[in-house]
Structure formats: structure tokens, C-alpha cells
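**Student:** Data: model38.cif, mmCIF, C-alpha atoms and all ligand atoms.
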```cif
data_run
loop_
_atom_site.label_atom_id
_atom_site.label_comp_id
_atom_site.auth_asym_id
_atom_site.auth_seq_id
_atom_site.Cartn_x
_atom_site.Cartn_y
_atom_site.Cartn_z
CA MET A 1470 5.51 -15.23 8.94
CA LEU A 1471 8.62 -14.77 6.76
CA SER A 1472 11.29 -17.42 7.09
CA TYR A 1473 14.91 -16.42 7.81
CA ARG A 1474 16.02 -17.91 4.51
CA VAL A 1475 13.66 -15.71 2.54
CA VAL A 1476 14.50 -12.54 4.50
CA LYS A 1477 18.21 -13.17 4.06
CA GLY A 1478 17.92 -13.41 0.28
CA THR A 1479 15.56 -10.47 -0.11
CA PRO A 1480 17.98 -7.56 -0.73
CA ALA A 1481 19.77 -9.41 -3.53
CA THR A 1482 16.51 -10.57 -5.11
CA LEU A 1483 15.05 -7.08 -5.01
CA ARG A 1484 18.16 -5.61 -6.58
CA ILE A 1485 18.00 -8.14 -9.41
CA ILE A 1486 14.29 -7.49 -9.96
CA TYR A 1487 14.88 -3.73 -10.02
CA ARG A 1488 17.76 -3.87 -12.48
CA ARG A 1489 15.93 -6.26 -14.78
CA LEU A 1490 12.81 -4.11 -14.86
CA LEU A 1491 14.73 -0.90 -15.37
CA ARG A 1492 16.65 -2.42 -18.25
CA ALA A 1493 13.47 -3.77 -19.82
CA PHE A 1494 11.18 -0.76 -19.40
CA GLY A 1495 13.48 2.23 -18.80
CA PRO A 1496 12.73 5.12 -16.41
CA GLN A 1497 8.99 5.57 -15.94
CA GLY A 1498 8.95 9.31 -15.14
CA TRP A 1499 6.48 9.16 -12.27
CA TRP A 1500 4.40 10.98 -11.07
CA PRO A 1501 3.09 12.90 -14.08
CA ALA A 1502 1.70 16.15 -12.57
CA ARG A 1503 2.34 19.88 -12.97
CA THR A 1504 2.09 20.79 -9.28
CA SER A 1505 2.23 19.09 -5.87
CA PHE A 1506 -1.48 19.68 -5.32
CA GLU A 1507 -2.32 18.15 -8.70
CA MET A 1508 -0.20 15.12 -7.78
CA MET A 1509 -1.93 14.76 -4.42
CA ALA A 1510 -5.39 15.16 -5.94
CA GLY A 1511 -4.40 12.50 -8.49
CA ALA A 1512 -3.43 10.13 -5.68
CA VAL A 1513 -6.94 10.42 -4.25
CA LEU A 1514 -8.59 10.11 -7.67
CA THR A 1515 -6.62 7.03 -8.72
CA GLN A 1516 -8.12 4.89 -5.97
CA ALA A 1517 -9.90 1.94 -7.64
CA THR A 1518 -9.59 3.19 -11.21
CA ASN A 1519 -7.06 3.39 -14.01
CA TRP A 1520 -4.81 6.32 -14.79
CA ARG A 1521 -6.53 7.27 -18.06
CA ASN A 1522 -9.72 8.01 -16.12
CA VAL A 1523 -7.76 10.05 -13.58
CA GLU A 1524 -6.22 12.12 -16.38
CA ARG A 1525 -9.68 12.95 -17.71
CA ALA A 1526 -10.85 14.00 -14.25
CA ILE A 1527 -7.71 16.10 -13.68
CA GLU A 1528 -8.20 17.84 -17.01
CA ARG A 1529 -11.79 18.70 -16.09
CA LEU A 1530 -10.59 20.05 -12.74
CA ARG A 1531 -8.01 22.11 -14.58
CA ARG A 1532 -10.67 23.56 -16.88
CA ALA A 1533 -12.76 24.42 -13.81
CA GLY A 1534 -9.72 26.20 -12.31
CA ALA A 1535 -9.92 23.83 -9.32
CA LEU A 1536 -6.37 22.49 -9.13
CA ARG A 1537 -5.67 24.77 -6.19
CA PRO A 1538 -7.01 23.97 -2.73
CA GLN A 1539 -9.02 27.16 -2.20
CA ARG A 1540 -10.53 26.98 -5.67
CA LEU A 1541 -11.43 23.34 -5.21
CA LEU A 1542 -13.04 24.15 -1.86
CA ALA A 1543 -15.03 26.95 -3.47
CA LEU A 1544 -16.77 24.51 -5.82
CA ARG A 1545 -20.18 23.28 -4.76
CA ARG A 1546 -20.14 19.55 -4.00
CA GLY A 1547 -22.25 18.81 -7.09
CA GLU A 1548 -19.87 20.77 -9.34
CA LEU A 1549 -16.89 18.88 -7.97
CA GLU A 1550 -18.65 15.54 -8.37
CA ASP A 1551 -19.44 16.39 -11.96
CA ALA A 1552 -15.84 17.42 -12.71
CA ILE A 1553 -14.33 14.20 -11.38
CA ARG A 1554 -17.04 11.85 -12.67
CA PRO A 1555 -14.65 10.10 -15.15
CA ALA A 1556 -12.57 8.81 -12.19
CA GLY A 1557 -15.53 6.79 -10.82
CA TYR A 1558 -16.88 6.69 -7.24
CA PHE A 1559 -17.19 10.44 -7.77
CA ARG A 1560 -19.36 11.14 -4.70
CA GLN A 1561 -16.91 9.41 -2.34
CA LYS A 1562 -13.92 10.95 -4.07
CA ALA A 1563 -15.40 14.47 -4.03
CA LYS A 1564 -15.83 14.16 -0.26
CA ARG A 1565 -12.27 12.86 0.10
CA LEU A 1566 -10.79 15.56 -2.09
CA GLN A 1567 -12.56 18.30 -0.16
CA ALA A 1568 -11.50 16.82 3.18
CA PHE A 1569 -7.90 16.68 1.94
CA ALA A 1570 -7.97 20.22 0.49
CA ARG A 1571 -9.54 21.60 3.70
CA TRP A 1572 -6.80 20.02 5.81
CA TYR A 1573 -4.04 21.10 3.39
CA ALA A 1574 -5.26 24.71 3.36
CA ALA A 1575 -5.85 24.94 7.11
CA ARG A 1576 -2.86 23.01 8.40
CA TYR A 1577 -0.21 23.97 5.82
CA ALA A 1578 -1.68 27.06 4.12
CA GLY A 1579 -1.81 25.06 0.88
CA SER A 1580 1.99 24.90 0.73
CA ALA A 1581 3.74 21.63 -0.09
CA ARG A 1582 7.00 23.12 1.15
CA ARG A 1583 5.49 23.72 4.58
CA MET A 1584 3.80 20.35 4.59
CA PHE A 1585 6.97 18.40 3.89
CA ARG A 1586 8.85 20.18 6.67
CA THR A 1587 6.97 17.82 8.97
CA PRO A 1588 9.01 14.61 9.36
CA TRP A 1589 7.44 11.98 7.17
CA PRO A 1590 6.44 9.47 9.88
CA ALA A 1591 4.40 12.19 11.65
CA LEU A 1592 3.02 13.47 8.35
CA ARG A 1593 2.02 9.93 7.40
CA ARG A 1594 0.03 9.65 10.64
CA GLU A 1595 -1.70 12.96 9.84
CA LEU A 1596 -2.58 11.81 6.33
CA LEU A 1597 -3.91 8.48 7.57
CA GLY A 1598 -6.20 10.39 9.92
CA LEU A 1599 -7.94 12.12 6.99
CA HIS A 1600 -11.19 10.91 5.50
CA GLY A 1601 -10.59 8.31 2.79
CA ILE A 1602 -6.78 8.36 2.85
CA GLY A 1603 -5.36 4.85 3.26
CA PRO A 1604 -1.72 3.71 3.36
CA GLU A 1605 -1.24 3.51 -0.41
CA THR A 1606 -2.57 7.04 -0.99
CA ALA A 1607 -0.65 8.49 1.97
CA ASP A 1608 2.58 6.83 0.88
CA SER A 1609 2.12 7.92 -2.73
CA ILE A 1610 1.76 11.51 -1.54
CA LEU A 1611 4.86 11.23 0.67
CA LEU A 1612 6.97 9.67 -2.06
CA TYR A 1613 5.79 11.39 -5.21
CA ALA A 1614 4.86 14.85 -3.92
CA GLY A 1615 7.39 15.05 -1.09
CA ALA A 1616 10.29 12.87 -2.30
CA GLN A 1617 10.27 11.12 1.10
CA PRO A 1618 11.87 7.64 1.27
CA VAL A 1619 8.64 5.67 1.68
CA PHE A 1620 8.06 2.52 -0.39
CA VAL A 1621 4.56 2.43 -1.89
CA ILE A 1622 2.82 -0.93 -1.89
CA ASP A 1623 -0.02 -1.89 -4.18
CA ALA A 1624 -1.64 -5.07 -5.48
CA TYR A 1625 1.00 -5.45 -8.22
CA THR A 1626 3.84 -5.21 -5.68
CA ILE A 1627 2.31 -7.89 -3.49
CA ARG A 1628 1.64 -10.15 -6.47
CA VAL A 1629 5.16 -9.89 -7.90
CA PHE A 1630 6.88 -10.24 -4.52
CA ALA A 1631 4.70 -13.19 -3.54
CA ARG A 1632 5.20 -14.97 -6.85
CA HIS A 1633 8.94 -14.47 -6.47
CA ARG A 1634 8.74 -16.05 -3.02
CA LEU A 1635 9.64 -12.98 -1.02
CA LEU A 1636 6.51 -13.18 1.09
CA GLY A 1637 3.18 -14.93 1.49
CA ARG A 1638 0.52 -13.71 -0.94
CA ARG A 1639 -1.75 -12.63 1.90
CA ALA A 1640 0.88 -10.43 3.55
CA ALA A 1641 -0.47 -7.17 4.95
CA TYR A 1642 0.47 -3.75 3.55
CA ASP A 1643 2.74 -2.81 6.45
CA ALA A 1644 4.58 -6.14 6.38
CA VAL A 1645 5.33 -5.82 2.66
CA GLN A 1646 6.48 -2.24 3.13
CA ARG A 1647 8.76 -3.23 6.02
CA LEU A 1648 10.24 -6.01 3.92
CA ALA A 1649 11.09 -3.61 1.06
CA MET A 1650 12.35 -0.80 3.27
CA ARG A 1651 14.58 -3.06 5.34
CA ALA A 1652 16.04 -4.67 2.23
CA LEU A 1653 16.67 -1.47 0.24
CA PRO A 1654 18.53 1.74 1.10
CA ALA A 1655 16.31 4.67 2.15
CA ASP A 1656 16.41 6.32 -1.26
CA ALA A 1657 13.35 8.19 -2.54
CA ALA A 1658 14.54 8.14 -6.18
CA LEU A 1659 14.99 4.35 -6.01
CA TYR A 1660 11.56 3.85 -4.40
CA ASN A 1661 9.96 6.15 -6.95
CA GLU A 1662 11.32 4.20 -9.89
CA PHE A 1663 10.89 0.76 -8.34
CA HIS A 1664 7.21 1.23 -7.60
CA ALA A 1665 6.54 2.54 -11.11
CA LEU A 1666 8.42 -0.44 -12.61
CA LEU A 1667 6.42 -2.92 -10.53
CA VAL A 1668 3.23 -1.36 -11.85
CA ALA A 1669 4.62 -1.65 -15.39
CA VAL A 1670 5.44 -5.36 -15.04
CA GLY A 1671 2.11 -6.00 -13.34
CA LYS A 1672 0.16 -4.37 -16.13
CA ARG A 1673 2.09 -5.94 -18.98
CA TYR A 1674 2.89 -9.43 -17.75
CA CYS A 1675 2.03 -10.30 -14.17
CA HIS A 1676 -1.72 -10.58 -14.65
CA ARG A 1677 -3.80 -11.95 -11.84
CA ARG A 1678 -4.85 -14.84 -14.02
CA ALA A 1679 -2.63 -16.21 -16.79
CA PRO A 1680 0.60 -14.25 -16.15
CA ASP A 1681 2.87 -14.16 -19.18
CA CYS A 1682 6.08 -15.40 -17.53
CA ALA A 1683 7.54 -16.57 -20.83
CA GLN A 1684 7.73 -12.98 -22.14
CA CYS A 1685 8.36 -11.26 -18.80
CA PRO A 1686 11.83 -9.82 -18.03
CA LEU A 1687 11.69 -11.70 -14.69
CA GLY A 1688 10.64 -14.98 -16.29
CA ASP A 1689 13.89 -16.84 -15.63
CA LEU A 1690 14.00 -15.95 -11.93
CA PRO A 1691 12.61 -18.53 -9.48
CA HIS A 1692 8.89 -17.97 -9.09
CA THR A 1693 5.68 -19.79 -8.33
CA ILE A 1694 2.25 -19.09 -9.80
CA GLU A 1695 -0.42 -19.85 -7.24
CA VAL A 1696 -3.34 -22.01 -8.34
CA ASN A 1697 -6.03 -19.60 -7.14
CA ALA A 1698 -4.42 -16.31 -8.15
CA ARG A 1699 -5.84 -13.16 -6.55
S1 LIG B 1 4.77 -12.58 -14.99
FE1 LIG B 1 5.81 -14.32 -14.08
S2 LIG B 1 7.98 -13.85 -14.22
FE2 LIG B 1 6.85 -11.93 -14.53
S3 LIG B 1 6.69 -10.96 -12.52
FE3 LIG B 1 4.88 -12.22 -12.79
S4 LIG B 1 5.39 -14.20 -11.89
FE4 LIG B 1 7.29 -13.10 -12.24
#
```
For the structure just supplied, provide its representation as C-alpha cells.
Ligand code: SF4

**Tutor:**
Amino acid sequence: MLSYRVVKGTPATLRIIYRRLLRAFGPQGWWPARTSFEMMAGAVLTQATNWRNVERAIERLRRAGALRPQRLLALRRGELEDAIRPAGYFRQKAKRLQAFARWYAARYAGSARRMFRTPWPALRRELLGLHGIGPETADSILLYAGAQPVFVIDAYTIRVFARHRLLGRRAAYDAVQRLAMRALPADAALYNEFHALLVAVGKRYCHRRAPDCAQCPLGDLPHTIEVNAR
């Protein structure tokens, strides 16, 4: 449970964190994709792997002409699995990608414009009902493909927020998201940049074990490194 003191200080702390990270790293230019479908496929492929592997899988899909929903659905399961092999968990992800593409083609005729006419809370519920789409993937799609004001939470976000005493380190996804969205204005451009910056600081400095606070742009802000970091 968040204490009143922590909640009260959250907007100011988040603003400071955002400004510091933006000054240190600059705009991150997320999400790197040529089309909405490519972005959404990337959001499925990036589950439990790093972005370099996703790029390799996306490139192989591109070469196979499968970065359109109908073309992806026309691939045999084995062909799709082979194309996305670099992203890992390729059998699971092939199933997820096909389930997503089937829904996207049937429900929205493969049109992002039609899809994002649905108000984002209802669209989020639809996405969460699809095979293999969890909150982080659904929210990434809403924010980065649809420019909807939805704050994306990932392990880096939770780690940085917890270490900076904004929440307990075992806080659930929805609680962290509520905290950020209540503290910040509903601004998709801000959420886009903030999430990307949190990933940047997580990768460079805020390691699970042995964070490099001395070099980190947030190093002089009050923080606590837990003994058993997760
Ligand atoms: S590395 Fe240290 S200062 Fe930087 S975000 Fe993590 S806990 Fe904060």
C-alpha cells in the first residue's frame, strides 16, 4: 500500500526524473517501425528477448513479405516459426502473432485507423482477450501504434520507481500504471518518451544487481538499493 507522503510527492519526483533522463539521453525516437502492423508485430516479438533479436526477426518477416496481416496469415505455421526464430520462443510467438493478425484482419480489416477509433479502454480489453497479449504488450500497442495516453510499465520502470521510493518493489503492473497516470498529465508524447528513457536508464545504469548509481543521471536523487535486488 502506498503511503500518503509518497503519493503526494510523486508528480514532482516523476517530473524531475523525466527531465534528468531527457537531458542525459535525449529523445529516444520510439518505436522504430515502418508501419503500425510492423510495430504491433514487434511488440509481440519483443516479449522476453532483446530488441536486436526482434530486429532480426522483423527483417526476416520483411523478406518473406509477411509484414501485412493477410500475408502473415498465409504463411504456414512452420514458415512463420522459422522466420521469427531469432526472437526466441518462436513456436509460442508464431501462435500469438497469428492470433493477433487474425483478430486484426477480421475485426478491423487490418486497418490501424479503424482499430484506434475504438476508445482505448475498450480496445485494451479486446487486446487483453487475445492469446498471449498481456498488459505490457497491449499498452505498448496502444501507446506506440495508436498514440493513446497509456503509460507502459516494464521491469525497468518498476525497478527505478521502487528504488526511488515511489512504490514497493513488488507492486503489481496496474498499481504502477495508476501511480504514473495519476501523477502525470494524459499526454501520449510524454508517456512515449518517458517509457523509452526508463528503459535507457535501466539498461545503462539501473542493473538488477550492482546498479551504477555513481554514474547515473539520477544518482543524486534519494534512492535505496534493496539487498536482494530482483
Ligand atoms: S542506477 Fe541508482 S540512481 Fe540510477 S536509477 Fe537506478 S537506483 Fe536510481

**Student:** Identify which of the residues A:Gly1688, A:Gly1598, A:Gly1615, A:Pro1654 lies closest to ligand LIG 1 (chain B), counting all atoms listed in the file when measuring atom-to-atom distances.

**Tutor:** A:Gly1688

**Student:** With distances taken over all atoms listed in the file, which of A:Ile1486, A:Ala1641, A:Leu1549, A:Ala1543 is nearest to ligand LIG 1 (chain B)?

**Tutor:** A:Ile1486

**Student:** Name each residue within 7 Å of ligand LIG 1 (chain B), counting all atoms listed in the file, as a PyMOL selection string.

**Tutor:** chain A and resi 1629+1632-1633+1670-1671+1674-1676+1680-1682+1685-1690+1692-1694

**Student:** Counting all atoms listed in the file, which residues in stretch 1605-1637 of chain A sit no more than 9 Å from stretch 1502-1508 of chain A? For each one, give the nearest pair of atoms and the distance in Å, sorted by chain then residue number, as a Markdown table.

**Tutor:**
```
| residue | atom | partner | partner_atom | distance |
| --- | --- | --- | --- | --- |
| A:Ile1610 | CA | A:Met1508 | CA | 7.5 |
| A:Tyr1613 | CA | A:Met1508 | CA | 7.5 |
| A:Ala1614 | CA | A:Ser1505 | CA | 5.4 |
| A:Gly1615 | CA | A:Ser1505 | CA | 8.1 |
```

**Student:** May I have the selected residues written with C-alpha atoms, as a tab-separated table (two decimals), keeping the file's coordinate frame?

**Tutor:**
```tsv
chain	number	residue	atom	x	y	z
A	1610	ILE	CA	1.76	11.51	-1.54
A	1613	TYR	CA	5.79	11.39	-5.21
A	1614	ALA	CA	4.86	14.85	-3.92
A	1615	GLY	CA	7.39	15.05	-1.09
```

**Student:** Would you pick out the contacts of stretch 1552-1559 of chain A at 6 Å or less, using all atoms listed in the file, so that residues sharing its chain but fewer than 4 positions from it are not included, and give the list as a ChimeraX atom specification?

**Tutor:** /A:1522-1523,1526,1529-1530,1563

**Student:** Return the single residue from A:Gln1561, A:Gln1617, A:Gln1567, A:Thr1626 that is closest to A:Thr1587, with distances computed using all atoms listed in the file.

**Tutor:**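 The shortest atom-to-atom distance to A:Thr1587 comes from A:Gln1617.
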
**Student:** Can you list, as a PyMOL selection string, every protein, DNA or RNA residue that comes within 9 Å of A:Ala1649 when you count all atoms listed in the file, leaving out same-chain residues fewer than 3 positions away?

**Tutor:** chain A and resi 1479-1480+1483+1620+1644-1646+1652-1653

**Student:** Just write the chosen residues, C-alpha atoms, as a short mmCIF file (atom, residue, chain, number, x, y, z; two decimals), keeping the file's coordinate frame.

**Tutor:**
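Result file follows (part-v3.cif):
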```cif
data_model
loop_
_atom_site.label_atom_id
_atom_site.label_comp_id
_atom_site.auth_asym_id
_atom_site.auth_seq_id
_atom_site.Cartn_x
_atom_site.Cartn_y
_atom_site.Cartn_z
CA THR A 1479 15.56 -10.47 -0.11
CA PRO A 1480 17.98 -7.56 -0.73
CA LEU A 1483 15.05 -7.08 -5.01
CA PHE A 1620 8.06 2.52 -0.39
CA ALA A 1644 4.58 -6.14 6.38
CA VAL A 1645 5.33 -5.82 2.66
CA GLN A 1646 6.48 -2.24 3.13
CA ALA A 1652 16.04 -4.67 2.23
CA LEU A 1653 16.67 -1.47 0.24
#
```

**Student:** Between atom CA of A:Arg1586 and atom CA of A:Leu1612, what distance in Å does the model show, to one decimal?

**Tutor:** 13.8 Å

**Student:** Counting all atoms listed in the file, which residues sit no farther than 12 Å from the position (2.2, 3.0, -2.8) in the file's frame? I'd like them as a VMD selection string.

**Tutor:** chain A and resid 1500 1512 to 1513 1515 to 1516 1602 to 1613 1618 to 1627 1642 to 1643 1645 to 1646 1649 1660 to 1665 1667 to 1668

**Student:** Mind dumping the selected residues with C-alpha atoms as an mmCIF file, in the frame of the given file?

**Tutor:**
```cif
data_model
loop_
_atom_site.group_PDB
_atom_site.id
_atom_site.type_symbol
_atom_site.label_atom_id
_atom_site.label_comp_id
_atom_site.auth_asym_id
_atom_site.auth_seq_id
_atom_site.Cartn_x
_atom_site.Cartn_y
_atom_site.Cartn_z
ATOM 1 C CA TRP A 1500 4.400 10.980 -11.070
ATOM 2 C CA ALA A 1512 -3.430 10.130 -5.680
ATOM 3 C CA VAL A 1513 -6.940 10.420 -4.250
ATOM 4 C CA THR A 1515 -6.620 7.030 -8.720
ATOM 5 C CA GLN A 1516 -8.120 4.890 -5.970
ATOM 6 C CA ILE A 1602 -6.780 8.360 2.850
ATOM 7 C CA GLY A 1603 -5.360 4.850 3.260
ATOM 8 C CA PRO A 1604 -1.720 3.710 3.360
ATOM 9 C CA GLU A 1605 -1.240 3.510 -0.410
ATOM 10 C CA THR A 1606 -2.570 7.040 -0.990
ATOM 11 C CA ALA A 1607 -0.650 8.490 1.970
ATOM 12 C CA ASP A 1608 2.580 6.830 0.880
ATOM 13 C CA SER A 1609 2.120 7.920 -2.730
ATOM 14 C CA ILE A 1610 1.760 11.510 -1.540
ATOM 15 C CA LEU A 1611 4.860 11.230 0.670
ATOM 16 C CA LEU A 1612 6.970 9.670 -2.060
ATOM 17 C CA TYR A 1613 5.790 11.390 -5.210
ATOM 18 C CA PRO A 1618 11.870 7.640 1.270
ATOM 19 C CA VAL A 1619 8.640 5.670 1.680
ATOM 20 C CA PHE A 1620 8.060 2.520 -0.390
ATOM 21 C CA VAL A 1621 4.560 2.430 -1.890
ATOM 22 C CA ILE A 1622 2.820 -0.930 -1.890
ATOM 23 C CA ASP A 1623 -0.020 -1.890 -4.180
ATOM 24 C CA ALA A 1624 -1.640 -5.070 -5.480
ATOM 25 C CA TYR A 1625 1.000 -5.450 -8.220
ATOM 26 C CA THR A 1626 3.840 -5.210 -5.680
ATOM 27 C CA ILE A 1627 2.310 -7.890 -3.490
ATOM 28 C CA TYR A 1642 0.470 -3.750 3.550
ATOM 29 C CA ASP A 1643 2.740 -2.810 6.450
ATOM 30 C CA VAL A 1645 5.330 -5.820 2.660
ATOM 31 C CA GLN A 1646 6.480 -2.240 3.130
ATOM 32 C CA ALA A 1649 11.090 -3.610 1.060
ATOM 33 C CA TYR A 1660 11.560 3.850 -4.400
ATOM 34 C CA ASN A 1661 9.960 6.150 -6.950
ATOM 35 C CA GLU A 1662 11.320 4.200 -9.890
ATOM 36 C CA PHE A 1663 10.890 0.760 -8.340
ATOM 37 C CA HIS A 1664 7.210 1.230 -7.600
ATOM 38 C CA ALA A 1665 6.540 2.540 -11.110
ATOM 39 C CA LEU A 1667 6.420 -2.920 -10.530
ATOM 40 C CA VAL A 1668 3.230 -1.360 -11.850
#
```

**Student:** Separation of atom CA of A:Leu1542 and atom CA of A:Met1584, in Å?

**Tutor:**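 Atom CA of A:Met1584 lies at a distance of 18.4 Å from atom CA of A:Leu1542.
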
**Student:** Please indicate the distance in Å from atom CA of A:Ser1580 to atom CA of A:Leu1659, rounded to one decimal place.

**Tutor:**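 According to the coordinates, atom CA of A:Ser1580 and atom CA of A:Leu1659 are separated by 25.2 Å.
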
**Student:** Counting only C-alpha atoms, figure out which residue out of A:Arg1492, A:Arg1594, A:Arg1565, A:Arg1651 gets nearest to A:Gly1478.

**Tutor:**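 For A:Gly1478, the nearest of the candidates is A:Arg1651.
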
**Student:** Find the spatial neighbours of A:Ala1574, counting all atoms listed in the file, within a cut-off of 10 Å - ignore same-chain residues fewer than 4 positions away - and output them as a PyMOL selection string.

**Tutor:** chain A and resi 1537-1539+1542+1569-1570+1578-1580

**Student:** Tell me which of A:Arg1531, A:Arg1484, A:Arg1545, A:Lys1672 sits closest to A:Ala1510, counting all atoms listed in the file.

**Tutor:**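 Between A:Arg1531, A:Arg1484, A:Arg1545, A:Lys1672, the residue approaching A:Ala1510 most closely is A:Arg1531.
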
**Student:** Nearest to A:Leu1596 among A:Arg1546, A:Arg1639, A:Lys1562, A:Arg1576, with distances taken over only C-alpha atoms: which residue is it?

**Tutor:**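 Of all the options, A:Arg1576 lies closest to A:Leu1596.
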
**Student:** How big is the axis-aligned box, and where does its centre sit, when it encloses all atoms of stretch 1634-1644 of chain A listed in the file and has 8 Å added on every side, reported in Å to one decimal as JSON?

**Tutor:**
```
{"center_x": 3.9, "center_y": -9.4, "center_z": 1.7, "size_x": 27.4, "size_y": 29.2, "size_z": 25.5}
```
